[in-house]
Structure formats: structure tokens, C-alpha cells
>>> print(open('my_file.pdb').read())   # PDB, C-alpha atoms, pLDDT in the B column
ATOM      1  CA  MET A   1      95.750 119.429 170.997  1.00 55.00           C
ATOM      2  CA  SER A   2      96.873 118.940 174.564  1.00 70.00           C
ATOM      3  CA  ARG A   3      96.295 115.362 175.703  1.00 77.00           C
ATOM      4  CA  ASN A   4      96.967 115.666 179.427  1.00 89.00           C
ATOM      5  CA  GLN A   5      93.886 113.822 180.645  1.00 95.00           C
ATOM      6  CA  VAL A   6      92.689 110.233 180.393  1.00 97.00           C
ATOM      7  CA  VAL A   7      89.187 108.814 180.660  1.00 98.00           C
ATOM      8  CA  LEU A   8      88.982 106.387 183.574  1.00 98.00           C
ATOM      9  CA  VAL A   9      86.817 103.326 182.877  1.00 98.00           C
ATOM     10  CA  ASP A  10      85.808 100.051 184.481  1.00 98.00           C
ATOM     11  CA  THR A  11      86.480  96.648 182.901  1.00 96.00           C
ATOM     12  CA  ASN A  12      83.343  97.086 180.733  1.00 97.00           C
ATOM     13  CA  ASP A  13      84.614 100.415 179.360  1.00 97.00           C
ATOM     14  CA  VAL A  14      82.023 102.370 181.331  1.00 97.00           C
ATOM     15  CA  VAL A  15      83.313 105.854 182.191  1.00 97.00           C
ATOM     16  CA  VAL A  16      83.962 106.345 185.913  1.00 98.00           C
ATOM     17  CA  GLY A  17      85.818 109.676 185.746  1.00 97.00           C
ATOM     18  CA  SER A  18      88.928 111.358 184.373  1.00 97.00           C
ATOM     19  CA  GLU A  19      92.450 111.902 185.646  1.00 97.00           C
ATOM     20  CA  ASP A  20      95.718 113.599 184.827  1.00 96.00           C
ATOM     21  CA  LYS A  21      97.530 111.334 182.356  1.00 94.00           C
ATOM     22  CA  LEU A  22     100.789 111.076 184.291  1.00 93.00           C
ATOM     23  CA  LEU A  23      99.035 110.466 187.612  1.00 96.00           C
ATOM     24  CA  ALA A  24      96.882 107.728 186.056  1.00 97.00           C
ATOM     25  CA  HIS A  25     100.053 106.035 184.786  1.00 95.00           C
ATOM     26  CA  GLN A  26     101.797 106.406 188.134  1.00 95.00           C
ATOM     27  CA  GLN A  27      98.838 104.841 189.956  1.00 97.00           C
ATOM     28  CA  GLY A  28      98.013 102.234 187.293  1.00 97.00           C
ATOM     29  CA  GLN A  29      94.407 103.372 186.906  1.00 98.00           C
ATOM     30  CA  LEU A  30      92.407 101.662 184.143  1.00 98.00           C
ATOM     31  CA  HIS A  31      91.796 104.162 181.349  1.00 98.00           C
ATOM     32  CA  ARG A  32      90.533 104.242 177.766  1.00 98.00           C
ATOM     33  CA  ALA A  33      93.019 104.128 174.901  1.00 97.00           C
ATOM     34  CA  PHE A  34      93.155 103.418 171.193  1.00 98.00           C
ATOM     35  CA  SER A  35      95.678 101.766 168.892  1.00 97.00           C
ATOM     36  CA  ILE A  36      95.646 102.275 165.125  1.00 98.00           C
ATOM     37  CA  PHE A  37      97.265  99.972 162.583  1.00 98.00           C
ATOM     38  CA  VAL A  38      97.546 101.570 159.137  1.00 97.00           C
ATOM     39  CA  ALA A  39      97.991  98.938 156.438  1.00 96.00           C
ATOM     40  CA  ARG A  40      98.488  98.780 152.687  1.00 95.00           C
ATOM     41  CA  ARG A  41      98.437  96.125 149.999  1.00 92.00           C
ATOM     42  CA  ARG A  42     101.755  95.855 148.167  1.00 91.00           C
ATOM     43  CA  HIS A  43     103.091  93.134 145.869  1.00 87.00           C
ATOM     44  CA  GLY A  44     100.399  90.700 146.998  1.00 86.00           C
ATOM     45  CA  VAL A  45     100.988  91.099 150.725  1.00 92.00           C
ATOM     46  CA  VAL A  46      99.667  93.320 153.471  1.00 95.00           C
ATOM     47  CA  GLU A  47     102.175  95.651 155.089  1.00 97.00           C
ATOM     48  CA  VAL A  48     101.686  97.597 158.310  1.00 97.00           C
ATOM     49  CA  LEU A  49     103.139 101.015 159.071  1.00 98.00           C
ATOM     50  CA  LEU A  50     105.051 100.850 162.347  1.00 98.00           C
ATOM     51  CA  GLN A  51     106.467 103.767 164.288  1.00 98.00           C
ATOM     52  CA  GLN A  52     109.491 103.986 166.495  1.00 98.00           C
ATOM     53  CA  ARG A  53     108.468 106.164 169.413  1.00 97.00           C
ATOM     54  CA  ALA A  54     110.485 109.334 169.952  1.00 97.00           C
ATOM     55  CA  PHE A  55     113.324 108.774 172.409  1.00 96.00           C
ATOM     56  CA  SER A  56     112.038 111.706 174.486  1.00 94.00           C
ATOM     57  CA  LYS A  57     108.619 110.093 175.196  1.00 92.00           C
ATOM     58  CA  TYR A  58     107.738 109.759 178.888  1.00 86.00           C
ATOM     59  CA  HIS A  59     107.720 105.992 178.494  1.00 90.00           C
ATOM     60  CA  CYS A  60     108.828 103.418 175.930  1.00 93.00           C
ATOM     61  CA  GLY A  61     110.987 105.911 174.030  1.00 94.00           C
ATOM     62  CA  GLY A  62     112.824 104.320 171.103  1.00 97.00           C
ATOM     63  CA  LEU A  63     110.611 101.223 171.014  1.00 97.00           C
ATOM     64  CA  TRP A  64     108.662 100.128 167.948  1.00 98.00           C
ATOM     65  CA  SER A  65     104.886 100.056 168.051  1.00 98.00           C
ATOM     66  CA  ASN A  66     101.730 100.221 165.964  1.00 97.00           C
ATOM     67  CA  THR A  67     101.127 103.189 163.672  1.00 98.00           C
ATOM     68  CA  CYS A  68      99.602 105.391 166.353  1.00 97.00           C
ATOM     69  CA  CYS A  69      98.226 105.060 169.872  1.00 95.00           C
ATOM     70  CA  SER A  70      96.964 107.490 172.464  1.00 95.00           C
ATOM     71  CA  HIS A  71      94.094 108.369 174.776  1.00 96.00           C
ATOM     72  CA  PRO A  72      90.830 110.112 173.942  1.00 96.00           C
ATOM     73  CA  GLN A  73      90.137 113.145 176.083  1.00 94.00           C
ATOM     74  CA  PRO A  74      87.048 113.447 178.291  1.00 94.00           C
ATOM     75  CA  ASP A  75      83.907 114.054 176.195  1.00 91.00           C
ATOM     76  CA  GLU A  76      85.818 113.267 172.966  1.00 94.00           C
ATOM     77  CA  ASP A  77      84.503 110.687 170.483  1.00 95.00           C
ATOM     78  CA  LEU A  78      86.841 107.696 170.325  1.00 96.00           C
ATOM     79  CA  LYS A  79      87.125 107.366 166.530  1.00 96.00           C
ATOM     80  CA  THR A  80      87.379 111.139 166.016  1.00 95.00           C
ATOM     81  CA  SER A  81      90.135 111.275 168.628  1.00 96.00           C
ATOM     82  CA  ALA A  82      92.025 108.414 166.985  1.00 97.00           C
ATOM     83  CA  LEU A  83      91.883 109.992 163.520  1.00 97.00           C
ATOM     84  CA  SER A  84      92.940 113.352 164.948  1.00 95.00           C
ATOM     85  CA  ARG A  85      95.875 111.819 166.800  1.00 96.00           C
ATOM     86  CA  LEU A  86      97.038 110.035 163.655  1.00 97.00           C
ATOM     87  CA  TYR A  87      97.272 113.422 161.963  1.00 97.00           C
ATOM     88  CA  GLU A  88      99.022 114.996 164.992  1.00 96.00           C
ATOM     89  CA  GLU A  89     101.715 112.291 165.083  1.00 96.00           C
ATOM     90  CA  LEU A  90     102.235 111.371 161.440  1.00 97.00           C
ATOM     91  CA  GLY A  91     100.768 114.288 159.493  1.00 96.00           C
ATOM     92  CA  PHE A  92      98.287 112.461 157.272  1.00 96.00           C
ATOM     93  CA  ARG A  93      94.550 111.928 157.367  1.00 95.00           C
ATOM     94  CA  LEU A  94      92.426 108.859 156.805  1.00 96.00           C
ATOM     95  CA  ASP A  95      88.758 109.075 155.894  1.00 92.00           C
ATOM     96  CA  ASP A  96      87.909 106.182 158.163  1.00 93.00           C
ATOM     97  CA  ILE A  97      89.250 103.430 160.378  1.00 96.00           C
ATOM     98  CA  GLU A  98      87.560 100.148 161.239  1.00 96.00           C
ATOM     99  CA  TRP A  99      87.173  98.955 164.815  1.00 97.00           C
ATOM    100  CA  VAL A 100      88.562  95.409 165.139  1.00 96.00           C
ATOM    101  CA  ALA A 101      88.522  94.555 168.842  1.00 96.00           C
ATOM    102  CA  SER A 102      89.035  95.852 172.353  1.00 96.00           C
ATOM    103  CA  HIS A 103      90.990  94.405 175.240  1.00 95.00           C
ATOM    104  CA  CYS A 104      92.375  95.295 178.650  1.00 96.00           C
ATOM    105  CA  TYR A 105      96.027  94.961 179.444  1.00 95.00           C
ATOM    106  CA  ARG A 106      98.354  95.981 182.252  1.00 96.00           C
ATOM    107  CA  ALA A 107     102.106  96.443 181.935  1.00 93.00           C
ATOM    108  CA  VAL A 108     104.637  97.795 184.422  1.00 93.00           C
ATOM    109  CA  LEU A 109     107.045  99.935 182.409  1.00 91.00           C
ATOM    110  CA  GLU A 110     110.796 100.426 182.780  1.00 83.00           C
ATOM    111  CA  ASN A 111     110.406 103.734 184.621  1.00 88.00           C
ATOM    112  CA  GLY A 112     107.865 102.493 187.160  1.00 90.00           C
ATOM    113  CA  LEU A 113     104.841 103.803 185.269  1.00 94.00           C
ATOM    114  CA  ILE A 114     101.947 101.412 184.717  1.00 96.00           C
ATOM    115  CA  GLU A 115     100.023 101.092 181.467  1.00 95.00           C
ATOM    116  CA  HIS A 116      96.576  99.813 182.433  1.00 97.00           C
ATOM    117  CA  GLU A 117      94.365 100.349 179.432  1.00 97.00           C
ATOM    118  CA  PHE A 118      91.059  99.406 177.925  1.00 98.00           C
ATOM    119  CA  ASP A 119      92.431  99.585 174.400  1.00 98.00           C
ATOM    120  CA  HIS A 120      90.246  99.917 171.283  1.00 98.00           C
ATOM    121  CA  LEU A 121      92.000  98.558 168.179  1.00 98.00           C
ATOM    122  CA  PHE A 122      91.446 100.047 164.733  1.00 97.00           C
ATOM    123  CA  VAL A 123      92.727  99.274 161.229  1.00 97.00           C
ATOM    124  CA  GLY A 124      92.883 101.842 158.443  1.00 96.00           C
ATOM    125  CA  TRP A 125      94.097 101.533 154.865  1.00 95.00           C
ATOM    126  CA  ASP A 126      96.258 103.911 152.844  1.00 94.00           C
ATOM    127  CA  GLN A 127      98.437 102.804 149.944  1.00 90.00           C
ATOM    128  CA  ASN A 128     100.885 105.694 150.091  1.00 89.00           C
ATOM    129  CA  PRO A 129     100.349 108.164 152.918  1.00 93.00           C
ATOM    130  CA  GLN A 130     102.374 111.339 152.697  1.00 94.00           C
ATOM    131  CA  LEU A 131     103.996 111.358 156.118  1.00 95.00           C
ATOM    132  CA  ASN A 132     104.888 114.535 157.972  1.00 97.00           C
ATOM    133  CA  ILE A 133     106.291 113.094 161.196  1.00 97.00           C
ATOM    134  CA  ASN A 134     105.994 115.007 164.467  1.00 96.00           C
ATOM    135  CA  SER A 135     109.484 114.420 165.881  1.00 97.00           C
ATOM    136  CA  GLU A 136     108.260 114.984 169.446  1.00 95.00           C
ATOM    137  CA  GLU A 137     106.156 111.841 169.069  1.00 96.00           C
ATOM    138  CA  VAL A 138     107.807 109.676 166.417  1.00 97.00           C
ATOM    139  CA  HIS A 139     111.480 108.991 165.699  1.00 98.00           C
ATOM    140  CA  GLN A 140     110.970 107.045 162.449  1.00 98.00           C
ATOM    141  CA  THR A 141     108.579 104.733 160.617  1.00 98.00           C
ATOM    142  CA  LYS A 142     108.792 101.606 158.506  1.00 98.00           C
ATOM    143  CA  TRP A 143     106.464  99.311 156.579  1.00 97.00           C
ATOM    144  CA  LEU A 144     106.653  95.603 157.428  1.00 97.00           C
ATOM    145  CA  SER A 145     104.715  92.612 156.177  1.00 97.00           C
ATOM    146  CA  VAL A 146     102.606  90.628 158.623  1.00 96.00           C
ATOM    147  CA  ALA A 147     105.145  87.777 158.420  1.00 96.00           C
ATOM    148  CA  ALA A 148     108.084  90.120 159.109  1.00 97.00           C
ATOM    149  CA  ILE A 149     106.295  91.582 162.126  1.00 98.00           C
ATOM    150  CA  GLU A 150     105.577  88.080 163.466  1.00 97.00           C
ATOM    151  CA  TYR A 151     109.256  87.181 163.062  1.00 97.00           C
ATOM    152  CA  ASP A 152     110.460  90.353 164.810  1.00 97.00           C
ATOM    153  CA  VAL A 153     108.014  90.028 167.713  1.00 97.00           C
ATOM    154  CA  ILE A 154     109.330  86.515 168.395  1.00 96.00           C
ATOM    155  CA  ASN A 155     113.027  87.204 167.796  1.00 97.00           C
ATOM    156  CA  ASN A 156     113.340  90.817 169.016  1.00 97.00           C
ATOM    157  CA  PRO A 157     110.570  91.287 171.610  1.00 96.00           C
ATOM    158  CA  ALA A 158     112.527  93.898 173.587  1.00 96.00           C
ATOM    159  CA  SER A 159     112.464  96.268 170.592  1.00 97.00           C
ATOM    160  CA  PHE A 160     108.641  96.597 170.826  1.00 97.00           C
ATOM    161  CA  THR A 161     106.363  98.368 173.266  1.00 96.00           C
ATOM    162  CA  PRO A 162     104.891  96.057 175.945  1.00 93.00           C
ATOM    163  CA  TRP A 163     101.409  96.243 174.400  1.00 94.00           C
ATOM    164  CA  PHE A 164     102.383  95.683 170.774  1.00 97.00           C
ATOM    165  CA  ALA A 165     102.460  91.863 170.576  1.00 96.00           C
ATOM    166  CA  GLU A 166      99.041  91.488 172.174  1.00 95.00           C
ATOM    167  CA  THR A 167      97.407  94.196 170.064  1.00 96.00           C
ATOM    168  CA  PHE A 168      98.994  92.884 166.862  1.00 97.00           C
ATOM    169  CA  LYS A 169      97.711  89.390 167.664  1.00 96.00           C
ATOM    170  CA  LYS A 170      94.163  90.803 167.775  1.00 96.00           C
ATOM    171  CA  VAL A 171      94.348  92.644 164.417  1.00 96.00           C
ATOM    172  CA  ARG A 172      96.400  89.958 162.626  1.00 95.00           C
ATOM    173  CA  PRO A 173      93.377  87.837 161.521  1.00 94.00           C
ATOM    174  CA  MET A 174      91.830  90.811 159.736  1.00 91.00           C
ATOM    175  CA  LEU A 175      95.114  91.613 158.011  1.00 92.00           C
ATOM    176  CA  LEU A 176      95.575  87.978 156.927  1.00 89.00           C
ATOM    177  CA  ARG A 177      92.024  87.826 155.536  1.00 84.00           C
ATOM    178  CA  CYS A 178      92.859  90.838 153.395  1.00 77.00           C
ATOM    179  CA  GLU A 179      96.102  89.195 152.288  1.00 65.00           C
ATOM    180  CA  SER A 180      94.156  86.045 151.298  1.00 61.00           C
ATOM    181  CA  THR A 181      91.767  88.166 149.259  1.00 60.00           C
ATOM    182  CA  ILE A 182      94.715  89.764 147.471  1.00 51.00           C
ATOM    183  CA  ALA A 183      96.248  86.350 146.700  1.00 46.00           C
ATOM    184  CA  SER A 184      92.917  85.014 145.382  1.00 48.00           C
ATOM    185  CA  SER A 185      92.425  88.011 143.102  1.00 48.00           C
ATOM    186  CA  LEU A 186      95.916  87.546 141.615  1.00 44.00           C
ATOM    187  CA  LYS A 187      95.173  83.971 140.504  1.00 44.00           C
TER     188      LYS A 187
END
>>> encode(input="my_file.pdb", output="C-alpha cells")
Amino acid sequence: MSRNQVVLVDTNDVVVGSEDKLLAHQQGQLHRAFSIFVARRRHGVVEVLLQQRAFSKYHCGGLWSNTCCSHPQPDEDLKTSALSRLYEELGFRLDDIEWVASHCYRAVLENGLIEHEFDHLFVGWDQNPQLNINSEEVHQTKWLSVAAIEYDVINNPASFTPWFAETFKKVRPMLLRCESTIASSLK
């Protein structure tokens, strides 16, 4: 699916129009986005699937980020768009994802583009997804524990996309609650 448009919104996520994706990023227009964190339970801890963005991406190429992120198209359901994009980038399907939070952020990127997004954050679970990576979108993936991600964000912040630390901070409590449940069930 071609994703050349973005849905312009106000700070309450009310739709105010649509725009060409590149133009919206050049002008820093607030637009709707989604970020998915796919997690699994392994050896008593929660791990998150991270992706390294393809080096050819129009911004943030080669940086590590959440499992998948993108923009719904005009008149496209947010959750349906997110699940579809997950398949387009990583080649696997989830039955469902759970909305965790939303937030606005603004970041001036290295090439002068501006990410100004009303970002909806989702978590999905899959123990062993069979990845079929779209190399135009994703360079590589890795699974990291919540603790390892926290360490890397503090010690290697330049290796992550500008939005990653803030989005991870919002989904972290849900992931830790799941980790606590795992630990309790093992006792």
C-alpha cells in the first residue's frame, strides 16, 4: 500500500485535513501516527522486538526503533492501518494489538525534516513471529529485554530514533506489569 499521505490533526487528535507526507514533514505539521511494540515472554522476562530502520529511509535511516511505526492514511482505521503496516514491514500478522497511550511530540531531524506527531502507542504479543523483513523498510531486528533497552537508551541514545525513548517510557509500565505476572507465576 502506498503511504504518501498523512492525516493532519489538532492537539486533541481531531482531523483537520490531510497532506502529502513529505510536505507535512518539511513544514512540521501535526499529523496522526502509530507506534507498535511487539513483545514476548521468554525465560521469565519480557522482550521487545526492535527494528533498525533501513539505511535508505527518508529520515532516521540506520537508527533503532520500536517494532513498527507509520501513519494511517485518510479514512483508514487506526488499528487496521497499524496491523497492516506491521505485515508490510516485517511480514507477520497479529490478531490484535492493545492501545496503551497517545502523546504528541516534535523532533527536528538530521536532514531538516520535522516529526510532529500525535502518536498512538500499541503493544502486541507474539512468542515467535516468523519474520519476512521488507528490506526497503527494515535493515535488521533484534529482541531485547526491558532492562537492556533501558540501558541502551541511556548509554547509546544516538543509536535510537528521536521518538523512541519517549514512546518506550509510555509502554514500559505495561511491559513491566506483564513481567511481574510472569515472575509471580514462576514462584
>>> resolve_selection(input="my_file.pdb", expression="the PyMOL selection byres ((chain A and resi 24-29) around 6)", output="PyMOL selection string")
chain A and resi 21-23+30+113-116
>>> axis_aligned_box(input="my_file.pdb", around="segment 3-6 of chain A", padding_each_side="5 Å", output="lines of an AutoDock Vina configuration file")
center_x = 94.8
center_y = 112.9
center_z = 178.2
size_x = 14.3
size_y = 15.4
size_z = 14.9
>>> closest_atom_pairs(input="my_file.pdb", of="segment 7-122 of chain A", to="segment 131-149 of chain A", cutoff="8 Å", atoms="all atoms listed in the file", output="JSON lines")
{"residue": "A:Val45", "atom": "CA", "partner": "A:Ser145", "partner_atom": "CA", "distance": 6.8}
{"residue": "A:Val46", "atom": "CA", "partner": "A:Ser145", "partner_atom": "CA", "distance": 5.8}
{"residue": "A:Glu47", "atom": "CA", "partner": "A:Ser145", "partner_atom": "CA", "distance": 4.1}
{"residue": "A:Val48", "atom": "CA", "partner": "A:Trp143", "partner_atom": "CA", "distance": 5.4}
{"residue": "A:Leu49", "atom": "CA", "partner": "A:Trp143", "partner_atom": "CA", "distance": 4.5}
{"residue": "A:Leu50", "atom": "CA", "partner": "A:Lys142", "partner_atom": "CA", "distance": 5.4}
{"residue": "A:Gln51", "atom": "CA", "partner": "A:Thr141", "partner_atom": "CA", "distance": 4.3}
{"residue": "A:Gln52", "atom": "CA", "partner": "A:Gln140", "partner_atom": "CA", "distance": 5.3}
{"residue": "A:Arg53", "atom": "CA", "partner": "A:Val138", "partner_atom": "CA", "distance": 4.7}
{"residue": "A:Ala54", "atom": "CA", "partner": "A:His139", "partner_atom": "CA", "distance": 4.4}
{"residue": "A:Phe55", "atom": "CA", "partner": "A:His139", "partner_atom": "CA", "distance": 7.0}
{"residue": "A:Ser56", "atom": "CA", "partner": "A:Glu136", "partner_atom": "CA", "distance": 7.1}
{"residue": "A:Lys57", "atom": "CA", "partner": "A:Glu137", "partner_atom": "CA", "distance": 6.8}
{"residue": "A:Gly62", "atom": "CA", "partner": "A:His139", "partner_atom": "CA", "distance": 7.3}
{"residue": "A:Glu88", "atom": "CA", "partner": "A:Asn134", "partner_atom": "CA", "distance": 7.0}
{"residue": "A:Glu89", "atom": "CA", "partner": "A:Asn134", "partner_atom": "CA", "distance": 5.1}
{"residue": "A:Leu90", "atom": "CA", "partner": "A:Ile133", "partner_atom": "CA", "distance": 4.4}
{"residue": "A:Gly91", "atom": "CA", "partner": "A:Asn132", "partner_atom": "CA", "distance": 4.4}
{"residue": "A:Phe92", "atom": "CA", "partner": "A:Leu131", "partner_atom": "CA", "distance": 5.9}
>>> resolve_selection(input="my_file.pdb", expression="the PyMOL selection byres ((chain A and resi 176) around 12)", output="NGL selection string")
:A and (39-41 or 44-48 or 145-147 or 150 or 168-175 or 177-183)
>>> write_last_selection(input="my_file.pdb", atoms="C-alpha atoms", output="PDB file, keeping the file's coordinate frame")
ATOM      1  CA  ALA A  39      97.991  98.938 156.438  1.00 96.00           C
ATOM      2  CA  ARG A  40      98.488  98.780 152.687  1.00 95.00           C
ATOM      3  CA  ARG A  41      98.437  96.125 149.999  1.00 92.00           C
ATOM      4  CA  GLY A  44     100.399  90.700 146.998  1.00 86.00           C
ATOM      5  CA  VAL A  45     100.988  91.099 150.725  1.00 92.00           C
ATOM      6  CA  VAL A  46      99.667  93.320 153.471  1.00 95.00           C
ATOM      7  CA  GLU A  47     102.175  95.651 155.089  1.00 97.00           C
ATOM      8  CA  VAL A  48     101.686  97.597 158.310  1.00 97.00           C
ATOM      9  CA  SER A 145     104.715  92.612 156.177  1.00 97.00           C
ATOM     10  CA  VAL A 146     102.606  90.628 158.623  1.00 96.00           C
ATOM     11  CA  ALA A 147     105.145  87.777 158.420  1.00 96.00           C
ATOM     12  CA  GLU A 150     105.577  88.080 163.466  1.00 97.00           C
ATOM     13  CA  PHE A 168      98.994  92.884 166.862  1.00 97.00           C
ATOM     14  CA  LYS A 169      97.711  89.390 167.664  1.00 96.00           C
ATOM     15  CA  LYS A 170      94.163  90.803 167.775  1.00 96.00           C
ATOM     16  CA  VAL A 171      94.348  92.644 164.417  1.00 96.00           C
ATOM     17  CA  ARG A 172      96.400  89.958 162.626  1.00 95.00           C
ATOM     18  CA  PRO A 173      93.377  87.837 161.521  1.00 94.00           C
ATOM     19  CA  MET A 174      91.830  90.811 159.736  1.00 91.00           C
ATOM     20  CA  LEU A 175      95.114  91.613 158.011  1.00 92.00           C
ATOM     21  CA  ARG A 177      92.024  87.826 155.536  1.00 84.00           C
ATOM     22  CA  CYS A 178      92.859  90.838 153.395  1.00 77.00           C
ATOM     23  CA  GLU A 179      96.102  89.195 152.288  1.00 65.00           C
ATOM     24  CA  SER A 180      94.156  86.045 151.298  1.00 61.00           C
ATOM     25  CA  THR A 181      91.767  88.166 149.259  1.00 60.00           C
ATOM     26  CA  ILE A 182      94.715  89.764 147.471  1.00 51.00           C
ATOM     27  CA  ALA A 183      96.248  86.350 146.700  1.00 46.00           C
TER      28      ALA A 183
END
>>> residues_around(input="my_file.pdb", residues="segment 83-87 of chain A", least_positions_apart="2", cutoff="9 Å", atoms="only C-alpha atoms", output="list in words")
Met1, Ile36, Thr67, Cys68, Cys69, Ser70, His71, Pro72, Leu78, Lys79, Thr80, Ser81, Glu89, Leu90, Gly91, Phe92, Arg93, Leu94, Asp95, Asp96, Ile97 and Asn132 of chain A
>>> closest_residue(input="my_file.pdb", among="A:Val16, A:Leu109, A:Val100, A:Leu121", to="Pro162 of chain A", atoms="all atoms listed in the file")
A:Leu109
